[in-house]
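target.tsv (TSV, C-alpha atoms)
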chain	number	residue	atom	x	y	z
A	1	MET	CA	-23.12	123.12	-31.59
A	2	ASN	CA	-21.16	120.60	-33.66
A	3	ASN	CA	-20.07	123.40	-35.99
A	4	TYR	CA	-18.76	125.35	-32.99
A	5	LEU	CA	-16.94	122.30	-31.59
A	6	LEU	CA	-15.40	121.41	-34.95
A	7	ARG	CA	-14.27	125.02	-35.38
A	8	CYS	CA	-12.64	124.89	-31.94
A	9	ARG	CA	-10.81	121.72	-32.84
A	10	SER	CA	-9.54	123.13	-36.13
A	11	LEU	CA	-8.40	126.44	-34.60
A	12	PHE	CA	-6.77	125.30	-31.37
A	13	LYS	CA	-3.21	125.12	-32.71
A	14	THR	CA	-3.41	128.33	-34.73
A	15	ALA	CA	-5.51	130.65	-32.56
A	16	VAL	CA	-3.49	133.40	-30.91
A	17	ASN	CA	-5.82	134.32	-28.03
A	18	LYS	CA	-7.14	131.14	-26.43
A	19	ILE	CA	-9.35	130.55	-23.41
A	20	VAL	CA	-10.07	127.00	-22.23
A	21	VAL	CA	-13.09	126.01	-20.13
A	22	ILE	CA	-12.31	122.78	-18.28
A	23	GLY	CA	-14.08	120.66	-15.65
A	24	ASN	CA	-12.57	118.50	-12.94
A	25	GLU	CA	-10.50	115.38	-13.49
A	26	SER	CA	-13.37	112.96	-12.85
A	27	CYS	CA	-14.95	114.22	-16.10
A	28	ASP	CA	-18.39	113.17	-14.93
A	29	LEU	CA	-21.48	114.38	-16.74
A	30	ASP	CA	-21.69	117.62	-14.74
A	31	SER	CA	-18.08	118.59	-15.52
A	32	ALA	CA	-18.28	117.60	-19.16
A	33	VAL	CA	-21.50	119.43	-20.04
A	34	CYS	CA	-20.59	122.51	-18.00
A	35	SER	CA	-17.34	122.88	-19.94
A	36	ILE	CA	-19.17	122.61	-23.28
A	37	ALA	CA	-22.12	124.84	-22.43
A	38	MET	CA	-20.06	127.51	-20.65
A	39	ALA	CA	-17.44	127.68	-23.41
A	40	PHE	CA	-20.16	128.06	-26.04
A	41	HIS	CA	-21.83	130.79	-23.95
A	42	LEU	CA	-18.59	132.70	-23.37
A	43	GLN	CA	-17.83	132.55	-27.08
A	44	CYS	CA	-21.27	133.97	-27.91
A	45	GLN	CA	-21.58	136.36	-24.96
A	46	PRO	CA	-18.09	137.19	-23.60
A	47	ILE	CA	-19.21	139.81	-21.07
A	48	LEU	CA	-17.68	137.91	-18.13
A	49	LEU	CA	-14.30	137.78	-19.85
A	50	GLY	CA	-13.90	141.55	-19.90
A	51	THR	CA	-10.65	142.76	-21.44
A	52	SER	CA	-9.35	139.18	-21.67
A	53	HIS	CA	-11.61	138.76	-24.69
A	54	THR	CA	-10.65	140.36	-28.00
A	55	ARG	CA	-12.03	140.05	-31.50
A	56	ASP	CA	-9.75	137.11	-32.29
A	57	THR	CA	-10.31	135.22	-28.99
A	58	VAL	CA	-11.55	131.63	-29.25
A	59	VAL	CA	-13.09	129.93	-26.21
A	60	PHE	CA	-12.52	126.16	-26.20
A	61	PRO	CA	-14.26	123.50	-24.10
A	62	VAL	CA	-11.85	120.79	-22.97
A	63	LEU	CA	-12.85	117.48	-21.37
A	64	ASN	CA	-10.55	116.75	-18.43
A	65	VAL	CA	-9.86	113.17	-19.49
A	66	ILE	CA	-7.36	111.60	-21.86
A	67	ARG	CA	-8.83	110.50	-25.19
A	68	ASP	CA	-8.26	106.78	-24.56
A	69	GLU	CA	-10.22	106.97	-21.31
A	70	LEU	CA	-13.21	108.91	-22.65
A	71	PRO	CA	-15.11	105.64	-23.35
A	72	LEU	CA	-14.94	104.93	-19.59
A	73	LYS	CA	-17.25	107.90	-19.01
A	74	THR	CA	-20.23	105.91	-20.21
A	75	GLU	CA	-22.97	108.32	-19.14
A	76	VAL	CA	-21.03	111.22	-20.70
A	77	THR	CA	-20.58	109.58	-24.08
A	78	PHE	CA	-24.17	108.31	-24.01
A	79	TYR	CA	-25.70	111.72	-23.35
A	80	LEU	CA	-23.44	113.65	-25.71
A	81	LYS	CA	-24.31	111.26	-28.51
A	82	LYS	CA	-27.99	111.54	-27.60
A	83	ALA	CA	-27.69	115.31	-28.01
A	84	GLY	CA	-26.16	114.81	-31.44
A	85	ILE	CA	-22.62	115.80	-30.46
A	86	LYS	CA	-19.80	114.05	-32.27
A	87	LEU	CA	-17.20	112.78	-29.82
A	88	ASP	CA	-14.34	113.29	-32.28
A	89	ALA	CA	-15.22	117.00	-32.38
A	90	LEU	CA	-14.30	117.36	-28.70
A	91	ILE	CA	-10.87	118.21	-27.31
A	92	CYS	CA	-9.47	116.04	-24.49
A	93	THR	CA	-6.84	117.16	-22.03
A	94	ASP	CA	-4.00	115.03	-23.44
A	95	GLU	CA	-4.44	116.73	-26.81
A	96	ILE	CA	-3.08	119.99	-25.39
A	97	ASP	CA	0.60	120.71	-24.77
A	98	TRP	CA	0.01	122.38	-21.42
A	99	GLU	CA	3.71	122.95	-20.73
A	100	ASN	CA	4.15	125.10	-23.83
A	101	GLU	CA	0.73	126.81	-23.75
A	102	THR	CA	2.05	129.37	-21.30
A	103	THR	CA	-0.21	132.21	-22.47
A	104	LEU	CA	-3.36	130.11	-22.28
A	105	ASN	CA	-6.11	131.40	-19.96
A	106	ILE	CA	-8.52	128.98	-18.30
A	107	VAL	CA	-11.98	128.99	-16.76
A	108	LEU	CA	-12.67	126.27	-14.19
A	109	VAL	CA	-16.10	124.65	-13.93
A	110	ASP	CA	-17.12	122.10	-11.30
A	111	HIS	CA	-13.89	122.70	-9.35
A	112	HIS	CA	-11.84	125.63	-8.11
A	113	VAL	CA	-8.41	124.12	-7.38
A	114	THR	CA	-6.22	123.10	-10.29
A	115	LYS	CA	-2.70	121.81	-10.91
A	116	LEU	CA	-2.61	123.67	-14.20
A	117	LYS	CA	-0.22	126.61	-14.20
A	118	GLN	CA	-2.22	128.68	-16.63
A	119	ASN	CA	-3.94	131.89	-15.54
A	120	VAL	CA	-7.42	131.31	-14.09
A	121	LEU	CA	-9.88	133.87	-15.45
A	122	GLY	CA	-13.03	132.50	-13.85
A	123	ILE	CA	-14.61	129.81	-11.68
A	124	PHE	CA	-18.04	128.21	-11.49
A	125	ASP	CA	-18.21	125.57	-8.76
A	126	HIS	CA	-20.73	124.04	-6.39
A	127	ARG	CA	-18.53	122.51	-3.72
A	128	PRO	CA	-17.30	123.97	-0.41
A	129	ILE	CA	-14.31	126.27	-0.74
A	130	ASP	CA	-11.04	124.42	-0.21
A	131	SER	CA	-9.15	126.09	2.65
A	132	ASN	CA	-5.89	125.52	0.78
A	133	SER	CA	-7.11	127.09	-2.43
A	134	GLN	CA	-5.50	130.27	-3.67
A	135	LEU	CA	-8.21	131.87	-5.75
A	136	ASN	CA	-7.32	134.56	-8.25
A	137	VAL	CA	-8.87	137.69	-6.76
A	138	ASN	CA	-9.31	139.12	-10.24
A	139	ALA	CA	-11.20	136.09	-11.57
A	140	PHE	CA	-14.97	136.13	-11.92
A	141	THR	CA	-16.07	133.62	-9.30
A	142	THR	CA	-19.35	131.87	-8.57
A	143	ILE	CA	-19.08	129.27	-5.83
A	144	GLU	CA	-22.38	128.17	-4.28
A	145	ILE	CA	-23.51	124.94	-2.65
A	146	VAL	CA	-26.11	123.54	-5.02
A	147	GLY	CA	-26.85	120.05	-6.30
A	148	SER	CA	-25.25	120.50	-9.69
A	149	CYS	CA	-22.73	122.92	-11.12
A	150	ALA	CA	-24.96	122.84	-14.22
A	151	SER	CA	-27.47	124.93	-12.25
A	152	LEU	CA	-24.91	127.71	-11.77
A	153	VAL	CA	-23.89	127.63	-15.43
A	154	GLY	CA	-27.55	127.45	-16.41
A	155	ARG	CA	-28.40	130.53	-14.36
A	156	GLU	CA	-25.58	132.46	-16.00
A	157	ILE	CA	-26.82	131.48	-19.46
A	158	LEU	CA	-30.48	132.22	-18.74
A	159	ASN	CA	-29.70	135.58	-17.14
A	160	ASN	CA	-27.15	136.90	-19.61
A	161	ALA	CA	-27.51	135.14	-22.95
A	162	LEU	CA	-29.59	136.31	-25.86
A	163	LEU	CA	-30.09	132.59	-26.56
A	164	GLU	CA	-28.75	133.10	-30.04
A	165	PRO	CA	-27.72	131.09	-31.95
A	166	LEU	CA	-30.78	129.17	-30.83
A	167	GLU	CA	-29.69	125.67	-31.88
A	168	GLY	CA	-26.45	125.80	-29.93
A	169	TYR	CA	-28.07	127.16	-26.80
A	170	CYS	CA	-30.89	124.58	-26.95
A	171	ILE	CA	-28.32	121.77	-27.02
A	172	GLY	CA	-26.40	123.44	-24.20
A	173	MET	CA	-29.53	123.69	-22.06
A	174	GLU	CA	-30.44	120.09	-22.84
A	175	LEU	CA	-27.00	118.94	-21.69
A	176	LEU	CA	-27.14	120.99	-18.49
A	177	TYR	CA	-30.67	119.77	-17.77
A	178	GLY	CA	-29.53	116.14	-17.86
A	179	ALA	CA	-26.68	116.87	-15.43
A	180	ILE	CA	-29.05	118.55	-12.97
A	181	VAL	CA	-31.45	115.60	-13.05
A	182	LEU	CA	-28.62	113.10	-12.55
A	183	ASP	CA	-26.72	115.04	-9.87
A	184	THR	CA	-29.82	115.61	-7.76
A	185	VAL	CA	-30.83	111.93	-8.12
A	186	ASN	CA	-33.93	113.21	-9.90
A	187	PHE	CA	-34.65	115.64	-7.06
A	188	SER	CA	-34.90	112.74	-4.59
A	189	LYS	CA	-35.90	113.77	-1.08
A	190	GLN	CA	-33.94	110.82	0.26
A	191	ALA	CA	-30.69	111.87	-1.40
A	192	ASP	CA	-31.40	115.53	-0.48
A	193	LYS	CA	-29.01	116.92	-3.10
A	194	ALA	CA	-31.31	119.42	-4.78
A	195	LYS	CA	-31.33	123.06	-3.65
A	196	PRO	CA	-33.89	125.70	-4.63
A	197	LEU	CA	-31.71	126.86	-7.52
A	198	ASP	CA	-31.62	123.34	-8.99
A	199	TYR	CA	-35.42	123.24	-9.07
A	200	GLU	CA	-35.61	126.75	-10.51
A	201	ILE	CA	-33.12	126.22	-13.34
A	202	ALA	CA	-34.53	122.79	-14.26
A	203	GLU	CA	-38.02	124.26	-14.55
A	204	LYS	CA	-36.76	127.16	-16.66
A	205	PHE	CA	-34.92	124.75	-18.95
A	206	GLU	CA	-38.10	122.68	-19.30
A	207	GLU	CA	-39.97	125.81	-20.30
A	208	LYS	CA	-37.30	126.85	-22.82
A	209	LEU	CA	-37.07	123.33	-24.25
A	210	GLY	CA	-40.83	123.09	-24.68
A	211	ILE	CA	-41.42	120.35	-22.12
A	212	ASN	CA	-45.07	120.50	-21.12
A	213	LYS	CA	-45.74	120.84	-17.38
A	214	ASP	CA	-47.95	117.76	-17.41
A	215	ASN	CA	-45.12	115.65	-18.81
A	216	ARG	CA	-42.20	116.97	-16.74
A	217	LYS	CA	-42.30	114.34	-14.02
A	218	LYS	CA	-42.35	111.53	-16.59
A	219	ILE	CA	-39.61	113.15	-18.67
A	220	ARG	CA	-37.38	113.55	-15.62
A	221	GLU	CA	-37.93	109.95	-14.54
A	222	GLU	CA	-37.15	108.57	-17.99
A	223	LEU	CA	-34.10	110.78	-18.37
A	224	PHE	CA	-32.77	109.85	-14.93
A	225	LYS	CA	-33.24	106.14	-15.53
A	226	SER	CA	-31.49	106.32	-18.89
A	227	LEU	CA	-28.50	108.21	-17.43
A	228	VAL	CA	-28.20	105.87	-14.44
A	229	ALA	CA	-28.38	102.90	-16.79
A	230	ALA	CA	-25.66	104.41	-18.99
A	231	ARG	CA	-23.47	105.24	-15.99
A	232	SER	CA	-23.98	101.77	-14.57
A	233	ASP	CA	-23.31	100.00	-17.85
A	234	VAL	CA	-19.88	98.69	-17.02
A	235	SER	CA	-20.35	95.43	-18.89
A	236	GLU	CA	-17.43	96.25	-21.18
A	237	LEU	CA	-15.13	97.54	-18.45
A	238	ASN	CA	-12.68	95.48	-16.41
A	239	ALA	CA	-11.77	96.10	-12.77
A	240	TYR	CA	-8.88	98.41	-13.73
A	241	GLN	CA	-11.04	100.57	-15.99
A	242	LEU	CA	-13.66	100.84	-13.26
A	243	LEU	CA	-11.07	102.34	-10.93
A	244	LEU	CA	-10.36	105.03	-13.53
A	245	LYS	CA	-13.98	105.70	-14.51
A	246	ASP	CA	-14.68	108.26	-11.78
A	247	LEU	CA	-11.41	108.93	-10.02
A	248	LYS	CA	-10.19	111.74	-7.80
A	249	ILE	CA	-6.73	111.93	-6.26
A	250	VAL	CA	-5.69	113.90	-3.19
A	251	SER	CA	-2.00	114.38	-2.51
A	252	GLN	CA	-0.03	116.24	0.11
A	253	HIS	CA	3.32	115.80	1.87
A	254	ASP	CA	4.34	113.14	-0.66
A	255	GLN	CA	1.33	110.99	0.27
A	256	ILE	CA	-1.29	110.05	-2.34
A	257	VAL	CA	-4.84	108.97	-1.58
A	258	SER	CA	-6.90	107.80	-4.55
A	259	LEU	CA	-10.69	107.93	-4.37
A	260	PRO	CA	-12.38	105.92	-7.15
A	261	GLY	CA	-16.15	106.20	-7.30
A	262	PHE	CA	-18.23	103.29	-8.60
A	263	PRO	CA	-21.74	103.07	-10.07
A	264	MET	CA	-22.09	99.92	-7.98
A	265	ALA	CA	-21.48	98.78	-4.42
A	266	VAL	CA	-17.87	98.37	-3.35
A	267	GLN	CA	-18.85	94.93	-2.11
A	268	ASP	CA	-19.83	94.04	-5.67
A	269	TYR	CA	-16.66	95.54	-7.11
A	270	ILE	CA	-14.29	93.43	-5.01
A	271	LYS	CA	-15.94	90.27	-6.38
A	272	ILE	CA	-15.10	91.08	-10.02
A	273	PRO	CA	-12.78	88.50	-11.64
A	274	ASP	CA	-9.09	89.45	-11.51
A	275	GLN	CA	-9.93	92.43	-9.32
A	276	SER	CA	-6.83	91.96	-7.18
A	277	GLU	CA	-4.41	92.03	-10.13
A	278	HIS	CA	-6.09	95.10	-11.62
A	279	PHE	CA	-6.04	96.82	-8.24
A	280	LYS	CA	-2.28	96.28	-7.94
A	281	ARG	CA	-1.74	97.73	-11.41
A	282	PHE	CA	-3.86	100.76	-10.48
A	283	THR	CA	-2.01	101.48	-7.24
A	284	SER	CA	1.33	101.14	-9.02
A	285	ASN	CA	0.38	103.50	-11.84
A	286	THR	CA	-1.15	106.10	-9.50
A	287	ARG	CA	1.54	105.62	-6.82
A	288	SER	CA	-1.25	105.47	-4.25
A	289	ASN	CA	-0.40	105.04	-0.59
A	290	VAL	CA	-4.05	104.53	0.38
A	291	VAL	CA	-7.12	103.89	-1.76
A	292	VAL	CA	-10.62	104.83	-0.60
A	293	LEU	CA	-13.25	103.00	-2.64
A	294	LEU	CA	-16.64	104.73	-2.83
A	295	GLY	CA	-19.69	102.79	-3.98
A	296	MET	CA	-23.13	104.10	-4.85
A	297	LYS	CA	-25.81	101.71	-6.04
A	298	VAL	CA	-29.14	103.04	-7.30
A	299	LEU	CA	-31.85	100.41	-6.84
A	300	PRO	CA	-34.79	99.96	-9.24
A	301	ASP	CA	-37.12	101.86	-6.89
A	302	GLY	CA	-34.80	104.90	-7.00
A	303	SER	CA	-33.38	104.40	-3.51
A	304	VAL	CA	-29.63	104.69	-2.99
A	305	ARG	CA	-27.09	102.53	-1.17
A	306	ARG	CA	-23.57	103.73	-0.33
A	307	ASP	CA	-20.54	101.85	0.96
A	308	ILE	CA	-16.86	102.62	1.51
A	309	GLY	CA	-13.64	100.63	1.54
A	310	VAL	CA	-10.35	101.97	2.93
A	311	ILE	CA	-7.39	99.96	1.65
A	312	PRO	CA	-3.82	100.62	2.80
A	313	VAL	CA	-1.36	100.05	-0.02
A	314	ASP	CA	1.90	100.79	1.78
A	315	ASN	CA	0.85	103.09	4.62
A	316	GLU	CA	-1.35	101.37	7.21
A	317	PRO	CA	-1.03	104.20	9.79
A	318	LEU	CA	-2.38	106.71	7.24
A	319	ALA	CA	-5.29	104.40	6.41
A	320	ALA	CA	-6.04	104.03	10.11
A	321	ARG	CA	-6.04	107.81	10.60
A	322	ILE	CA	-8.42	108.22	7.66
A	323	ILE	CA	-10.82	105.65	9.13
A	324	THR	CA	-10.72	107.34	12.55
A	325	ALA	CA	-11.30	110.76	10.98
A	326	LEU	CA	-14.31	109.50	9.03
A	327	GLN	CA	-15.80	107.85	12.09
A	328	GLU	CA	-15.26	110.90	14.30
A	329	CYS	CA	-16.00	113.64	11.78
A	330	LYS	CA	-18.11	116.36	13.41
A	331	GLU	CA	-18.93	118.33	10.24
A	332	THR	CA	-20.50	115.28	8.58
A	333	ASN	CA	-21.71	112.14	10.32
A	334	PHE	CA	-21.13	109.47	7.68
A	335	GLU	CA	-22.95	106.91	9.86
A	336	LEU	CA	-20.50	104.12	9.06
A	337	GLU	CA	-21.25	100.53	9.99
A	338	LYS	CA	-18.30	98.15	9.74
A	339	LEU	CA	-18.97	95.16	7.52
A	340	ASN	CA	-18.01	91.58	8.33
A	341	SER	CA	-16.06	91.34	5.09
A	342	SER	CA	-13.67	93.99	6.40
A	343	GLU	CA	-10.61	91.79	5.88
A	344	SER	CA	-11.22	91.44	2.13
A	345	CYS	CA	-8.45	92.91	-0.04
A	346	GLY	CA	-6.58	93.83	3.11
A	347	GLY	CA	-8.95	96.73	3.69
A	348	THR	CA	-11.68	97.89	6.03
A	349	PHE	CA	-15.19	98.20	4.63
A	350	PHE	CA	-18.26	100.06	5.81
A	351	GLN	CA	-21.90	100.51	4.92
A	352	GLN	CA	-22.59	104.25	4.83
A	353	HIS	CA	-26.04	104.96	6.22
A	354	ASN	CA	-25.88	108.73	5.69
A	355	LEU	CA	-26.89	108.69	2.05
A	356	LYS	CA	-26.61	112.46	1.74
A	357	ALA	CA	-22.85	112.42	2.32
A	358	SER	CA	-20.85	112.05	-0.90
A	359	ARG	CA	-17.23	112.38	-1.98
A	360	LYS	CA	-17.59	116.17	-1.72
A	361	GLN	CA	-17.93	115.82	2.05
A	362	LEU	CA	-15.30	113.09	2.30
A	363	ILE	CA	-12.44	114.79	0.45
A	364	PRO	CA	-12.02	117.63	3.00
A	365	VAL	CA	-11.66	114.97	5.72
A	366	ILE	CA	-8.90	113.27	3.71
A	367	LYS	CA	-7.16	116.60	3.15
A	368	ASN	CA	-7.26	117.41	6.85
A	369	VAL	CA	-5.66	114.05	7.65
A	370	LEU	CA	-2.95	114.59	5.04
A	371	SER	CA	-2.23	118.10	6.29
A	372	GLY	CA	-1.27	116.55	9.62
A	373	VAL	CA	1.16	114.09	8.05
A	374	GLU	CA	4.77	115.03	8.72
A	375	LYS	CA	6.90	115.81	5.70
Write out the structure in this file as structure tokens.
Amino acid sequence: MNNYLLRCRSLFKTAVNKIVVIGNESCDLDSAVCSIAMAFHLQCQPILLGTSHTRDTVVFPVLNVIRDELPLKTEVTFYLKKAGIKLDALICTDEIDWENETTLNIVLVDHHVTKLKQNVLGIFDHRPIDSNSQLNVNAFTTIEIVGSCASLVGREILNNALLEPLEGYCIGMELLYGAIVLDTVNFSKQADKAKPLDYEIAEKFEEKLGINKDNRKKIREELFKSLVAARSDVSELNAYQLLLKDLKIVSQHDQIVSLPGFPMAVQDYIKIPDQSEHFKRFTSNTRSNVVVLLGMKVLPDGSVRRDIGVIPVDNEPLAARIITALQECKETNFELEKLNSSESCGGTFFQQHNLKASRKQLIPVIKNVLSGVEK
């Protein structure tokens, strides 16, 4: 796998026919490993690419994060290193001149809406279809609601790969396996993220990777704990870096809503030293009108706690509409309980008792609110 990645890095500027596989801008573990495993698979078995693939085509995985911010993705760097992947062999998004790469084709994993202007050849995603998306009808598309996009990529690999070269595919399966375990909260019934396909692909990976049936429960538990610990290890990050660690931004009608996700409770985040100054820097750099803070804390017993903070930066009416929409949402009952500390940071804070609802369910609500904002 390292040989493949190093070859990609050395050929990116000189290759004539280039295809990039890229995850979403949060660059969480699921997005990162899907881009690597899918790119490797498409390079080895380019059936899905059809006539877009020629003898001199190179398929490149690209991490959707700038190089300087890659260390913020602590669970990503931890697991890639654990798999023996050299971080300097990877290509980050700021290392590509997107404006001048006009003939570049892209494959999207773990998202299906992109700001990139390049031609979209294919999509693998596990979130609900965005009503505003304009999917390329000629692209190969797999969009299914499952716990982890890694399960969709894994199914494609298991069904259509010859699993040669073996070493590269073994590392790819190992990476995807970790993402499935993490995204499904280790198949927790309480979190209720896992779908039948997640179970199926995880079990097939375990078989391919030689994990004995008697040891699978223990292996999953140890893997999950190590990934949660790595994701939660923010000891070296300040309050500004935490806002960037797992960030999504929704914009429409000249209004920007930032949605940082934390591996801790929001109530813990707002107590970090110098949090207020870092928050102001963040809102200035992102030009956010409203910030929605999303906290998820995994307790030692494996149970999950979620909380939310809605902070108006310069648009209190928009923040109020977002709060009302979340409280009255019919598609998903977030079960929000207002917290007494609601005046902290000038925002409104809630405990979220529906632990199954994540940012995937929240973003469509934000988009619906923004679509009603007058230009």
Exercise: residues within 10 Å of coordinate (-17.5, 134.4, -9.3), counting all atoms listed in the file, as a ChimeraX atom specification:
/A:48,121-125,137-144
From the list A:Leu362, A:Ile19, A:Val146, A:Cys8, which residue is nearest Asp88 (chain A) when using all atoms listed in the file?
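Closest residue, counting all atoms listed in the file: A:Cys8.
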Select, counting all atoms listed in the file, all protein, DNA and RNA residues no farther than 12 Å from (-13.0, 122.5, -14.5) in file coordinates, and express the selection as a ChimeraX atom specification.
/A:20-36,38-39,61-65,93,106-116,120-126,149-150
Using 9 Å as the limit and counting only C-alpha atoms, can you tabulate each residue of region 242-313 of chain A that touches region 170-188 of chain A, with its shortest atom-to-atom distance in Å and the two atoms involved, as JSON lines?
{"residue": "A:Gly302", "atom": "CA", "partner": "A:Val185", "partner_atom": "CA", "distance": 8.2}
{"residue": "A:Ser303", "atom": "CA", "partner": "A:Ser188", "partner_atom": "CA", "distance": 8.5}
{"residue": "A:Val304", "atom": "CA", "partner": "A:Val185", "partner_atom": "CA", "distance": 9.0}
Applying 12 Å and only C-alpha atoms, which residues near Ser284 (chain A) remain after dropping the ones on its own chain fewer than 4 positions away? List them as an mmCIF file with C-alpha atoms, in the coordinates of the input.
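Output below, filename out-v5.cif:
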data_model
loop_
_atom_site.group_PDB
_atom_site.id
_atom_site.type_symbol
_atom_site.label_atom_id
_atom_site.label_comp_id
_atom_site.auth_asym_id
_atom_site.auth_seq_id
_atom_site.Cartn_x
_atom_site.Cartn_y
_atom_site.Cartn_z
ATOM 1 C CA TYR A 240 -8.880 98.410 -13.730
ATOM 2 C CA ILE A 256 -1.290 110.050 -2.340
ATOM 3 C CA SER A 258 -6.900 107.800 -4.550
ATOM 4 C CA GLU A 277 -4.410 92.030 -10.130
ATOM 5 C CA HIS A 278 -6.090 95.100 -11.620
ATOM 6 C CA PHE A 279 -6.040 96.820 -8.240
ATOM 7 C CA LYS A 280 -2.280 96.280 -7.940
ATOM 8 C CA SER A 288 -1.250 105.470 -4.250
ATOM 9 C CA ASN A 289 -0.400 105.040 -0.590
ATOM 10 C CA VAL A 290 -4.050 104.530 0.380
ATOM 11 C CA VAL A 291 -7.120 103.890 -1.760
ATOM 12 C CA VAL A 313 -1.360 100.050 -0.020
ATOM 13 C CA ASP A 314 1.900 100.790 1.780
#
Selected residue of minimal separation from Phe78 (chain A) among A:Ala37, A:Leu104, A:Leu152, A:Ala229, counting only C-alpha atoms
A:Ala229
Find the distance between CA of Glu75 (chain A) and CA of Asn3 (chain A) and write it in Å to one decimal.
22.8 Å
